[in-house]
$ cat run25.txt   # compact mmCIF, N, CA and C atoms
# COMPACT_ATOMS: atom_id res chain seq x y z
N MET Y 1 70.75 -162.83 177.58
CA MET Y 1 70.42 -161.62 176.89
C MET Y 1 71.52 -161.34 175.87
N ASN Y 2 71.08 -160.88 174.76
CA ASN Y 2 72.00 -160.63 173.68
C ASN Y 2 72.59 -159.23 173.84
N VAL Y 3 73.91 -159.11 173.97
CA VAL Y 3 74.58 -157.84 174.20
C VAL Y 3 74.46 -156.95 172.98
N LYS Y 4 74.51 -157.52 171.76
CA LYS Y 4 74.40 -156.71 170.55
C LYS Y 4 73.05 -156.01 170.47
N THR Y 5 72.00 -156.69 170.83
CA THR Y 5 70.66 -156.10 170.79
C THR Y 5 70.55 -154.97 171.81
N PHE Y 6 71.09 -155.18 172.99
CA PHE Y 6 71.04 -154.17 174.05
C PHE Y 6 71.77 -152.89 173.61
N LEU Y 7 72.96 -153.02 173.06
CA LEU Y 7 73.73 -151.86 172.62
C LEU Y 7 73.08 -151.18 171.42
N ASN Y 8 72.49 -151.97 170.54
CA ASN Y 8 71.84 -151.43 169.34
C ASN Y 8 70.62 -150.59 169.71
N LYS Y 9 69.85 -151.02 170.74
CA LYS Y 9 68.67 -150.27 171.17
C LYS Y 9 69.09 -148.91 171.72
N HIS Y 10 70.18 -148.86 172.49
CA HIS Y 10 70.64 -147.60 173.05
C HIS Y 10 71.18 -146.66 171.98
N LYS Y 11 71.82 -147.22 170.95
CA LYS Y 11 72.31 -146.38 169.85
C LYS Y 11 71.13 -145.75 169.10
N VAL Y 12 70.10 -146.52 168.86
CA VAL Y 12 68.93 -146.02 168.13
C VAL Y 12 68.23 -144.95 168.97
N THR Y 13 68.10 -145.21 170.27
CA THR Y 13 67.45 -144.24 171.15
C THR Y 13 68.27 -142.96 171.22
N GLY Y 14 69.57 -143.03 171.32
CA GLY Y 14 70.45 -141.86 171.37
C GLY Y 14 70.39 -141.07 170.08
N VAL Y 15 70.46 -141.75 168.96
CA VAL Y 15 70.40 -141.07 167.66
C VAL Y 15 69.05 -140.39 167.49
N THR Y 16 67.98 -141.05 167.90
CA THR Y 16 66.65 -140.46 167.80
C THR Y 16 66.54 -139.22 168.68
N ALA Y 17 67.06 -139.29 169.89
CA ALA Y 17 67.00 -138.14 170.79
C ALA Y 17 67.78 -136.96 170.23
N ILE Y 18 68.95 -137.22 169.67
CA ILE Y 18 69.75 -136.14 169.08
C ILE Y 18 69.03 -135.55 167.88
N ALA Y 19 68.41 -136.38 167.06
CA ALA Y 19 67.69 -135.88 165.89
C ALA Y 19 66.50 -135.00 166.30
N VAL Y 20 65.80 -135.38 167.35
CA VAL Y 20 64.67 -134.60 167.83
C VAL Y 20 65.16 -133.25 168.38
N LEU Y 21 66.25 -133.27 169.14
CA LEU Y 21 66.78 -132.02 169.67
C LEU Y 21 67.24 -131.07 168.57
N VAL Y 22 67.90 -131.61 167.54
CA VAL Y 22 68.34 -130.77 166.42
C VAL Y 22 67.13 -130.20 165.68
N ALA Y 23 66.10 -131.01 165.49
CA ALA Y 23 64.90 -130.53 164.79
C ALA Y 23 64.20 -129.44 165.59
N LEU Y 24 64.08 -129.60 166.89
CA LEU Y 24 63.44 -128.57 167.72
C LEU Y 24 64.31 -127.32 167.82
N GLY Y 25 65.59 -127.50 167.85
CA GLY Y 25 66.49 -126.35 167.94
C GLY Y 25 66.49 -125.51 166.69
N SER Y 26 66.20 -126.08 165.57
CA SER Y 26 66.21 -125.33 164.32
C SER Y 26 64.91 -124.55 164.10
N CYS Y 27 63.89 -124.83 164.89
CA CYS Y 27 62.63 -124.09 164.77
C CYS Y 27 62.82 -122.68 165.33
N GLU Y 28 62.25 -121.70 164.65
CA GLU Y 28 62.32 -120.32 165.12
C GLU Y 28 61.09 -120.01 165.96
N TYR Y 29 61.31 -119.28 167.03
CA TYR Y 29 60.19 -118.84 167.86
C TYR Y 29 59.69 -117.53 167.31
N ARG Y 30 58.41 -117.46 167.00
CA ARG Y 30 57.81 -116.23 166.51
C ARG Y 30 56.50 -115.99 167.26
N THR Y 31 56.25 -114.70 167.54
CA THR Y 31 54.98 -114.38 168.17
C THR Y 31 53.89 -114.33 167.10
N ALA Y 32 52.69 -114.61 167.50
CA ALA Y 32 51.58 -114.61 166.56
C ALA Y 32 51.22 -113.17 166.19
N ASN Y 33 51.06 -112.93 164.91
CA ASN Y 33 50.66 -111.62 164.44
C ASN Y 33 49.15 -111.60 164.26
N SER Y 34 48.54 -110.55 164.76
CA SER Y 34 47.09 -110.42 164.65
C SER Y 34 46.74 -109.80 163.30
N SER Y 35 45.68 -110.30 162.69
CA SER Y 35 45.24 -109.72 161.42
C SER Y 35 44.38 -108.48 161.65
N VAL Y 36 43.99 -108.24 162.91
CA VAL Y 36 43.18 -107.08 163.25
C VAL Y 36 44.11 -105.98 163.75
N PRO Y 37 44.11 -104.82 163.09
CA PRO Y 37 45.00 -103.75 163.56
C PRO Y 37 44.52 -103.20 164.90
N SER Y 38 45.48 -102.88 165.75
CA SER Y 38 45.16 -102.38 167.07
C SER Y 38 45.05 -100.86 167.03
N ASN Y 39 43.98 -100.33 167.60
CA ASN Y 39 43.79 -98.89 167.67
C ASN Y 39 44.21 -98.33 169.01
N TYR Y 40 44.69 -99.18 169.88
CA TYR Y 40 45.04 -98.75 171.22
C TYR Y 40 46.54 -98.55 171.32
N SER Y 41 46.91 -97.41 171.84
CA SER Y 41 48.32 -97.12 172.06
C SER Y 41 48.51 -96.97 173.56
N TYR Y 42 49.16 -97.94 174.16
CA TYR Y 42 49.37 -97.92 175.59
C TYR Y 42 50.61 -97.16 175.98
N GLU Y 43 51.47 -96.90 175.03
CA GLU Y 43 52.69 -96.17 175.30
C GLU Y 43 52.70 -94.88 174.50
N SER Y 44 53.35 -93.90 175.02
CA SER Y 44 53.45 -92.63 174.34
C SER Y 44 54.35 -92.76 173.11
N LYS Y 45 54.04 -92.01 172.09
CA LYS Y 45 54.87 -91.99 170.88
C LYS Y 45 56.11 -91.12 171.10
N GLN Y 46 56.15 -90.42 172.21
CA GLN Y 46 57.26 -89.54 172.52
C GLN Y 46 58.50 -90.39 172.81
N VAL Y 47 59.55 -90.20 172.01
CA VAL Y 47 60.73 -91.04 172.12
C VAL Y 47 61.70 -90.49 173.18
N VAL Y 48 61.94 -89.20 173.16
CA VAL Y 48 62.88 -88.59 174.09
C VAL Y 48 62.08 -87.91 175.20
N ALA Y 49 62.46 -88.17 176.42
CA ALA Y 49 61.75 -87.58 177.55
C ALA Y 49 62.03 -86.08 177.61
N SER Y 50 60.99 -85.33 177.93
CA SER Y 50 61.13 -83.88 178.08
C SER Y 50 61.68 -83.55 179.45
N GLU Y 51 62.29 -82.38 179.55
CA GLU Y 51 62.80 -81.88 180.83
C GLU Y 51 61.91 -80.75 181.29
N TYR Y 52 61.47 -80.82 182.55
CA TYR Y 52 60.57 -79.82 183.10
C TYR Y 52 61.25 -79.11 184.26
N GLU Y 53 61.02 -77.79 184.34
CA GLU Y 53 61.57 -77.02 185.46
C GLU Y 53 60.56 -75.94 185.82
N LEU Y 54 60.28 -75.83 187.09
CA LEU Y 54 59.38 -74.80 187.58
C LEU Y 54 60.20 -73.53 187.80
N LEU Y 55 59.97 -72.52 186.95
CA LEU Y 55 60.75 -71.28 187.04
C LEU Y 55 60.14 -70.30 188.04
N GLY Y 56 58.82 -70.31 188.17
CA GLY Y 56 58.16 -69.41 189.10
C GLY Y 56 56.72 -69.84 189.30
N ILE Y 57 56.19 -69.57 190.49
CA ILE Y 57 54.81 -69.95 190.78
C ILE Y 57 54.25 -68.95 191.79
N LYS Y 58 52.95 -68.65 191.64
CA LYS Y 58 52.32 -67.68 192.53
C LYS Y 58 50.88 -68.11 192.77
N GLN Y 59 50.47 -68.05 194.01
CA GLN Y 59 49.08 -68.34 194.35
C GLN Y 59 48.27 -67.07 194.14
N THR Y 60 47.27 -67.11 193.24
CA THR Y 60 46.49 -65.92 192.90
C THR Y 60 45.15 -65.87 193.61
N GLY Y 61 44.69 -66.97 194.13
CA GLY Y 61 43.42 -67.03 194.83
C GLY Y 61 43.48 -68.11 195.88
N GLU Y 62 42.32 -68.39 196.48
CA GLU Y 62 42.30 -69.41 197.52
C GLU Y 62 42.75 -70.77 197.00
N LYS Y 63 42.30 -71.13 195.79
CA LYS Y 63 42.67 -72.42 195.21
C LYS Y 63 43.04 -72.28 193.74
N THR Y 64 43.68 -71.17 193.39
CA THR Y 64 44.13 -70.93 192.02
C THR Y 64 45.56 -70.41 192.04
N GLY Y 65 46.22 -70.52 190.90
CA GLY Y 65 47.58 -70.03 190.80
C GLY Y 65 48.04 -69.90 189.37
N VAL Y 66 49.18 -69.28 189.19
CA VAL Y 66 49.84 -69.17 187.89
C VAL Y 66 51.28 -69.62 188.07
N ALA Y 67 51.86 -70.11 186.97
CA ALA Y 67 53.25 -70.58 187.03
C ALA Y 67 53.92 -70.40 185.69
N VAL Y 68 55.23 -70.36 185.72
CA VAL Y 68 56.05 -70.36 184.52
C VAL Y 68 56.88 -71.63 184.57
N ILE Y 69 56.77 -72.43 183.51
CA ILE Y 69 57.44 -73.74 183.47
C ILE Y 69 58.31 -73.79 182.22
N ARG Y 70 59.54 -74.26 182.40
CA ARG Y 70 60.43 -74.47 181.26
C ARG Y 70 60.32 -75.92 180.84
N ILE Y 71 60.10 -76.14 179.55
CA ILE Y 71 60.04 -77.49 179.01
C ILE Y 71 60.85 -77.51 177.72
N ASP Y 72 61.98 -78.18 177.76
CA ASP Y 72 62.86 -78.35 176.60
C ASP Y 72 63.18 -77.05 175.87
N GLY Y 73 63.57 -76.03 176.59
CA GLY Y 73 63.97 -74.78 175.95
C GLY Y 73 62.81 -73.85 175.62
N PHE Y 74 61.62 -74.14 176.09
CA PHE Y 74 60.46 -73.28 175.90
C PHE Y 74 59.90 -72.89 177.26
N LYS Y 75 59.28 -71.71 177.33
CA LYS Y 75 58.63 -71.27 178.56
C LYS Y 75 57.12 -71.36 178.37
N LEU Y 76 56.45 -71.97 179.33
CA LEU Y 76 55.00 -72.07 179.31
C LEU Y 76 54.45 -71.24 180.46
N ASN Y 77 53.57 -70.33 180.15
CA ASN Y 77 52.83 -69.61 181.17
C ASN Y 77 51.52 -70.37 181.37
N VAL Y 78 51.32 -70.87 182.56
CA VAL Y 78 50.14 -71.69 182.83
C VAL Y 78 49.35 -71.09 183.99
N SER Y 79 48.06 -71.34 183.97
CA SER Y 79 47.21 -71.05 185.12
C SER Y 79 46.55 -72.35 185.52
N PHE Y 80 46.25 -72.48 186.80
CA PHE Y 80 45.74 -73.75 187.29
C PHE Y 80 44.83 -73.55 188.49
N ASP Y 81 43.97 -74.53 188.69
CA ASP Y 81 43.14 -74.62 189.89
C ASP Y 81 43.57 -75.88 190.63
N PHE Y 82 43.52 -75.85 191.94
CA PHE Y 82 43.89 -77.02 192.72
C PHE Y 82 42.90 -77.22 193.85
N ASP Y 83 42.92 -78.43 194.38
CA ASP Y 83 42.04 -78.76 195.49
C ASP Y 83 42.76 -79.76 196.39
N GLY Y 84 42.35 -79.82 197.62
CA GLY Y 84 42.92 -80.80 198.55
C GLY Y 84 42.14 -82.10 198.49
N VAL Y 85 42.87 -83.21 198.50
CA VAL Y 85 42.27 -84.54 198.44
C VAL Y 85 42.79 -85.34 199.62
N ALA Y 86 41.87 -85.98 200.33
CA ALA Y 86 42.27 -86.81 201.47
C ALA Y 86 43.06 -88.01 200.97
N ASP Y 87 44.15 -88.31 201.64
CA ASP Y 87 45.02 -89.43 201.25
C ASP Y 87 45.61 -90.03 202.52
N SER Y 88 46.23 -91.19 202.39
CA SER Y 88 46.92 -91.81 203.52
C SER Y 88 47.97 -92.76 202.98
N TYR Y 89 48.85 -93.19 203.87
CA TYR Y 89 49.88 -94.16 203.51
C TYR Y 89 49.40 -95.59 203.71
N GLY Y 90 48.14 -95.79 204.05
CA GLY Y 90 47.59 -97.11 204.25
C GLY Y 90 47.74 -97.64 205.66
N VAL Y 91 48.25 -96.80 206.53
CA VAL Y 91 48.45 -97.19 207.93
C VAL Y 91 47.53 -96.31 208.78
N ALA Y 92 46.96 -96.88 209.79
CA ALA Y 92 46.07 -96.12 210.66
C ALA Y 92 46.79 -94.90 211.22
N GLY Y 93 46.15 -93.74 211.11
CA GLY Y 93 46.73 -92.52 211.63
C GLY Y 93 47.65 -91.79 210.67
N SER Y 94 47.77 -92.28 209.44
CA SER Y 94 48.66 -91.62 208.48
C SER Y 94 47.89 -90.76 207.49
N ASP Y 95 46.71 -90.32 207.86
CA ASP Y 95 45.89 -89.51 206.97
C ASP Y 95 46.51 -88.13 206.77
N PHE Y 96 46.42 -87.63 205.54
CA PHE Y 96 46.89 -86.29 205.23
C PHE Y 96 46.13 -85.79 204.02
N THR Y 97 46.28 -84.53 203.71
CA THR Y 97 45.65 -83.93 202.53
C THR Y 97 46.72 -83.61 201.52
N THR Y 98 46.49 -84.05 200.30
CA THR Y 98 47.45 -83.80 199.23
C THR Y 98 46.80 -82.94 198.16
N ALA Y 99 47.61 -82.27 197.37
CA ALA Y 99 47.11 -81.38 196.32
C ALA Y 99 46.80 -82.17 195.06
N GLU Y 100 45.76 -81.75 194.39
CA GLU Y 100 45.41 -82.31 193.08
C GLU Y 100 45.08 -81.14 192.16
N ILE Y 101 45.68 -81.12 190.99
CA ILE Y 101 45.40 -80.08 190.01
C ILE Y 101 44.10 -80.45 189.31
N THR Y 102 43.09 -79.58 189.45
CA THR Y 102 41.78 -79.87 188.87
C THR Y 102 41.59 -79.23 187.51
N ASN Y 103 42.38 -78.20 187.20
CA ASN Y 103 42.27 -77.54 185.90
C ASN Y 103 43.63 -76.94 185.56
N LEU Y 104 44.11 -77.23 184.36
CA LEU Y 104 45.39 -76.68 183.89
C LEU Y 104 45.15 -76.01 182.55
N ALA Y 105 45.56 -74.77 182.43
CA ALA Y 105 45.42 -74.04 181.17
C ALA Y 105 46.79 -73.53 180.74
N ILE Y 106 47.17 -73.85 179.50
CA ILE Y 106 48.42 -73.33 178.93
C ILE Y 106 48.07 -71.97 178.32
N ASP Y 107 48.50 -70.89 178.96
CA ASP Y 107 48.14 -69.55 178.51
C ASP Y 107 48.97 -69.12 177.31
N SER Y 108 50.28 -69.39 177.36
CA SER Y 108 51.14 -69.02 176.23
C SER Y 108 52.39 -69.89 176.23
N VAL Y 109 52.97 -70.03 175.03
CA VAL Y 109 54.21 -70.79 174.85
C VAL Y 109 55.18 -69.89 174.11
N THR Y 110 56.37 -69.69 174.67
CA THR Y 110 57.40 -68.90 174.01
C THR Y 110 58.73 -69.64 174.12
N ASP Y 111 59.66 -69.32 173.22
CA ASP Y 111 61.00 -69.84 173.42
C ASP Y 111 61.69 -68.94 174.44
N LEU Y 112 62.92 -69.26 174.77
CA LEU Y 112 63.60 -68.51 175.83
C LEU Y 112 63.90 -67.07 175.45
N SER Y 113 63.88 -66.76 174.15
CA SER Y 113 64.10 -65.38 173.73
C SER Y 113 62.80 -64.60 173.62
N GLY Y 114 61.65 -65.25 173.80
CA GLY Y 114 60.37 -64.55 173.81
C GLY Y 114 59.52 -64.73 172.57
N LYS Y 115 59.99 -65.47 171.56
CA LYS Y 115 59.22 -65.69 170.35
C LYS Y 115 58.05 -66.63 170.65
N SER Y 116 56.85 -66.24 170.22
CA SER Y 116 55.63 -66.99 170.53
C SER Y 116 55.49 -68.23 169.64
N PHE Y 117 54.96 -69.30 170.23
CA PHE Y 117 54.71 -70.55 169.52
C PHE Y 117 53.30 -71.04 169.85
N ASN Y 118 52.75 -71.88 168.97
CA ASN Y 118 51.49 -72.55 169.26
C ASN Y 118 51.70 -73.58 170.36
N ASP Y 119 50.64 -73.91 171.06
CA ASP Y 119 50.70 -74.91 172.13
C ASP Y 119 50.99 -76.28 171.52
N PHE Y 120 52.12 -76.88 171.86
CA PHE Y 120 52.53 -78.18 171.33
C PHE Y 120 52.47 -79.27 172.40
N THR Y 121 52.00 -78.94 173.58
CA THR Y 121 52.02 -79.91 174.68
C THR Y 121 51.03 -81.04 174.43
N ASN Y 122 51.37 -82.21 174.97
CA ASN Y 122 50.49 -83.38 174.84
C ASN Y 122 50.08 -83.87 176.22
N HIS Y 123 49.40 -85.00 176.24
CA HIS Y 123 48.88 -85.56 177.49
C HIS Y 123 50.00 -85.82 178.51
N ASP Y 124 51.13 -86.34 178.03
CA ASP Y 124 52.26 -86.61 178.93
C ASP Y 124 52.79 -85.33 179.56
N ASP Y 125 52.87 -84.27 178.76
CA ASP Y 125 53.33 -82.98 179.29
C ASP Y 125 52.38 -82.47 180.37
N HIS Y 126 51.09 -82.55 180.11
CA HIS Y 126 50.10 -82.07 181.09
C HIS Y 126 50.18 -82.87 182.38
N LYS Y 127 50.34 -84.18 182.24
CA LYS Y 127 50.45 -85.04 183.43
C LYS Y 127 51.68 -84.67 184.25
N ASN Y 128 52.80 -84.47 183.59
CA ASN Y 128 54.04 -84.13 184.30
C ASN Y 128 54.00 -82.72 184.90
N ILE Y 129 53.36 -81.79 184.20
CA ILE Y 129 53.20 -80.44 184.76
C ILE Y 129 52.32 -80.49 186.00
N ASN Y 130 51.24 -81.26 185.95
CA ASN Y 130 50.37 -81.42 187.12
C ASN Y 130 51.14 -81.98 188.31
N ILE Y 131 51.98 -82.97 188.07
CA ILE Y 131 52.78 -83.58 189.14
C ILE Y 131 53.74 -82.54 189.72
N LEU Y 132 54.38 -81.76 188.85
CA LEU Y 132 55.31 -80.72 189.28
C LEU Y 132 54.61 -79.67 190.15
N LEU Y 133 53.46 -79.21 189.70
CA LEU Y 133 52.72 -78.20 190.45
C LEU Y 133 52.19 -78.75 191.78
N ALA Y 134 51.63 -79.95 191.75
CA ALA Y 134 51.09 -80.54 192.98
C ALA Y 134 52.20 -80.78 194.00
N GLY Y 135 53.37 -81.18 193.55
CA GLY Y 135 54.50 -81.37 194.46
C GLY Y 135 54.91 -80.07 195.13
N TYR Y 136 54.93 -78.98 194.36
CA TYR Y 136 55.28 -77.68 194.93
C TYR Y 136 54.23 -77.24 195.96
N ILE Y 137 52.96 -77.43 195.61
CA ILE Y 137 51.87 -77.03 196.51
C ILE Y 137 51.95 -77.82 197.82
N ASP Y 138 52.23 -79.12 197.72
CA ASP Y 138 52.35 -79.95 198.93
C ASP Y 138 53.53 -79.51 199.79
N ARG Y 139 54.69 -79.30 199.17
CA ARG Y 139 55.89 -78.93 199.92
C ARG Y 139 55.76 -77.57 200.61
N ASN Y 140 55.00 -76.67 200.01
CA ASN Y 140 54.87 -75.32 200.56
C ASN Y 140 53.56 -75.10 201.29
N HIS Y 141 52.84 -76.17 201.57
CA HIS Y 141 51.66 -76.16 202.43
C HIS Y 141 50.58 -75.16 202.01
N TRP Y 142 50.31 -75.09 200.70
CA TRP Y 142 49.26 -74.20 200.23
C TRP Y 142 47.88 -74.70 200.65
N ILE Y 143 47.73 -76.00 200.82
CA ILE Y 143 46.43 -76.58 201.18
C ILE Y 143 46.05 -76.15 202.59
N GLU Y 144 46.96 -76.22 203.52
CA GLU Y 144 46.67 -75.86 204.90
C GLU Y 144 46.37 -74.37 205.02
N GLU Y 145 47.03 -73.55 204.18
CA GLU Y 145 46.84 -72.11 204.24
C GLU Y 145 45.53 -71.69 203.57
N ALA Y 146 45.04 -72.50 202.65
CA ALA Y 146 43.83 -72.14 201.89
C ALA Y 146 42.59 -72.29 202.74

$ encode --input "run25.txt" --output "structure tokens"
Amino acid sequence: MNVKTFLNKHKVTGVTAIAVLVALGSCEYRTANSSVPSNYSYESKQVVASEYELLGIKQTGEKTGVAVIRIDGFKLNVSFDFDGVADSYGVAGSDFTTAEITNLAIDSVTDLSGKSFNDFTNHDDHKNINILLAGYIDRNHWIEEA
């Protein structure tokens, strides 16, 4: 066997491998752009998260109530309806009833000094207010008392 031929084949193979790696490494990875504009927004356009605080809450009927909620320096007077929904932890015998807000109405919006504003709340605010109210109702056993 000719030693020169053997070494020459390995040099060519090595140089070819290095050239292929350099060529692939210089390629940029880009995601495909769609020519069809998307009308679906899966994420909220809200950049900064709002802060919510339950300032006061009162049960006005068997399954109704009113509350005052602070959201980012504004006070919201809200009225709501709630109902009990059967739930469980997925284990036999862990059944319980949890609160669900069935209707939420923003009655008024004011700043902390009392100046009135138009309702600026969005879907995310309503969802978070519902969670806040339902949590209070569950912790204070309004469902069992109703």

$ residues_around --input "run25.txt" --residues "Asp111 in chain Y" --least-positions-apart "5" --cutoff "5 Å" --atoms "all atoms listed in the file" --output "PyMOL selection string"
chain Y and resi 73-75

$ axis_aligned_box --input "run25.txt" --around "range 107-119 of chain Y" --padding-each-side "3 Å" --output "JSON"
{"center_x": 56.1, "center_y": -70.4, "center_z": 174.0, "size_x": 22.0, "size_y": 17.7, "size_z": 16.0}

$ atom_distance --input "run25.txt" --atom1 "atom C of Arg70 in chain Y" --atom2 "CA of Glu144 in chain Y"
27.7 Å

$ atom_distance --input "run25.txt" --atom1 "atom N of Ala105 in chain Y" --atom2 "atom C of Trp142 in chain Y"
18.4 Å

$ closest_residue --input "run25.txt" --among "Y:Gln59, Y:Ile101, Y:Ala86, Y:Val20" --to "His126 in chain Y" --atoms "only C-alpha atoms"
Y:Ile101

$ closest_residue --input "run25.txt" --among "Y:Thr110, Y:Thr98, Y:Asn118, Y:Asn103" --to "Gly135 in chain Y" --atoms "only C-alpha atoms"
Y:Thr98

$ residues_around --input "run25.txt" --residues "Phe96 in chain Y" --least-positions-apart "2" --cutoff "9 Å" --atoms "only C-alpha atoms" --output "VMD selection string"
chain Y and resid 85 to 89 93 to 94 98

$ atom_distance --input "run25.txt" --atom1 "CA of Ile129 in chain Y" --atom2 "CA of Asp95 in chain Y"
25.1 Å

$ residues_around --input "run25.txt" --residues "Asp72 in chain Y" --least-positions-apart "4" --cutoff "7 Å" --atoms "all atoms listed in the file" --output "PyMOL selection string"
chain Y and resi 50-53

$ select_by_dssp --input "run25.txt" --residues "range 38-127 of chain Y" --states "strand (DSSP E or B)" --output "MDAnalysis selection string"
chainID Y and resid 52:59 64:71 74:87 96:111 116:117

$ closest_residue --input "run25.txt" --among "Y:Ile69, Y:Val22, Y:Leu104, Y:Ala99" --to "Asp138 in chain Y" --atoms "only N, CA and C atoms"
Y:Ala99

$ residues_around --input "run25.txt" --residues "Val78 in chain Y" --least-positions-apart "4" --cutoff "8 Å" --atoms "all atoms listed in the file" --output "PyMOL selection string"
chain Y and resi 65-69+104-109

$ write_last_selection --input "run25.txt" --atoms "N, CA and C atoms" --output "PDB file, in the coordinates of the input"
ATOM      1  N   GLY Y  65      46.220 -70.520 190.900  1.00  0.00           N
ATOM      2  CA  GLY Y  65      47.580 -70.030 190.800  1.00  0.00           C
ATOM      3  C   GLY Y  65      48.040 -69.900 189.370  1.00  0.00           C
ATOM      4  N   VAL Y  66      49.180 -69.280 189.190  1.00  0.00           N
ATOM      5  CA  VAL Y  66      49.840 -69.170 187.890  1.00  0.00           C
ATOM      6  C   VAL Y  66      51.280 -69.620 188.070  1.00  0.00           C
ATOM      7  N   ALA Y  67      51.860 -70.110 186.970  1.00  0.00           N
ATOM      8  CA  ALA Y  67      53.250 -70.580 187.030  1.00  0.00           C
ATOM      9  C   ALA Y  67      53.920 -70.400 185.690  1.00  0.00           C
ATOM     10  N   VAL Y  68      55.230 -70.360 185.720  1.00  0.00           N
ATOM     11  CA  VAL Y  68      56.050 -70.360 184.520  1.00  0.00           C
ATOM     12  C   VAL Y  68      56.880 -71.630 184.570  1.00  0.00           C
ATOM     13  N   ILE Y  69      56.770 -72.430 183.510  1.00  0.00           N
ATOM     14  CA  ILE Y  69      57.440 -73.740 183.470  1.00  0.00           C
ATOM     15  C   ILE Y  69      58.310 -73.790 182.220  1.00  0.00           C
ATOM     16  N   LEU Y 104      44.110 -77.230 184.360  1.00  0.00           N
ATOM     17  CA  LEU Y 104      45.390 -76.680 183.890  1.00  0.00           C
ATOM     18  C   LEU Y 104      45.150 -76.010 182.550  1.00  0.00           C
ATOM     19  N   ALA Y 105      45.560 -74.770 182.430  1.00  0.00           N
ATOM     20  CA  ALA Y 105      45.420 -74.040 181.170  1.00  0.00           C
ATOM     21  C   ALA Y 105      46.790 -73.530 180.740  1.00  0.00           C
ATOM     22  N   ILE Y 106      47.170 -73.850 179.500  1.00  0.00           N
ATOM     23  CA  ILE Y 106      48.420 -73.330 178.930  1.00  0.00           C
ATOM     24  C   ILE Y 106      48.070 -71.970 178.320  1.00  0.00           C
ATOM     25  N   ASP Y 107      48.500 -70.890 178.960  1.00  0.00           N
ATOM     26  CA  ASP Y 107      48.140 -69.550 178.510  1.00  0.00           C
ATOM     27  C   ASP Y 107      48.970 -69.120 177.310  1.00  0.00           C
ATOM     28  N   SER Y 108      50.280 -69.390 177.360  1.00  0.00           N
ATOM     29  CA  SER Y 108      51.140 -69.020 176.230  1.00  0.00           C
ATOM     30  C   SER Y 108      52.390 -69.890 176.230  1.00  0.00           C
ATOM     31  N   VAL Y 109      52.970 -70.030 175.030  1.00  0.00           N
ATOM     32  CA  VAL Y 109      54.210 -70.790 174.850  1.00  0.00           C
ATOM     33  C   VAL Y 109      55.180 -69.890 174.110  1.00  0.00           C
TER      34      VAL Y 109
END

$ closest_residue --input "run25.txt" --among "Y:Gly90, Y:Gly84, Y:Ala17, Y:His123" --to "His141 in chain Y" --atoms "only C-alpha atoms"
Y:Gly84

$ closest_residue --input "run25.txt" --among "Y:Ile131, Y:Lys115, Y:Arg139, Y:Thr102" --to "Phe80 in chain Y" --atoms "only N, CA and C atoms"
Y:Thr102
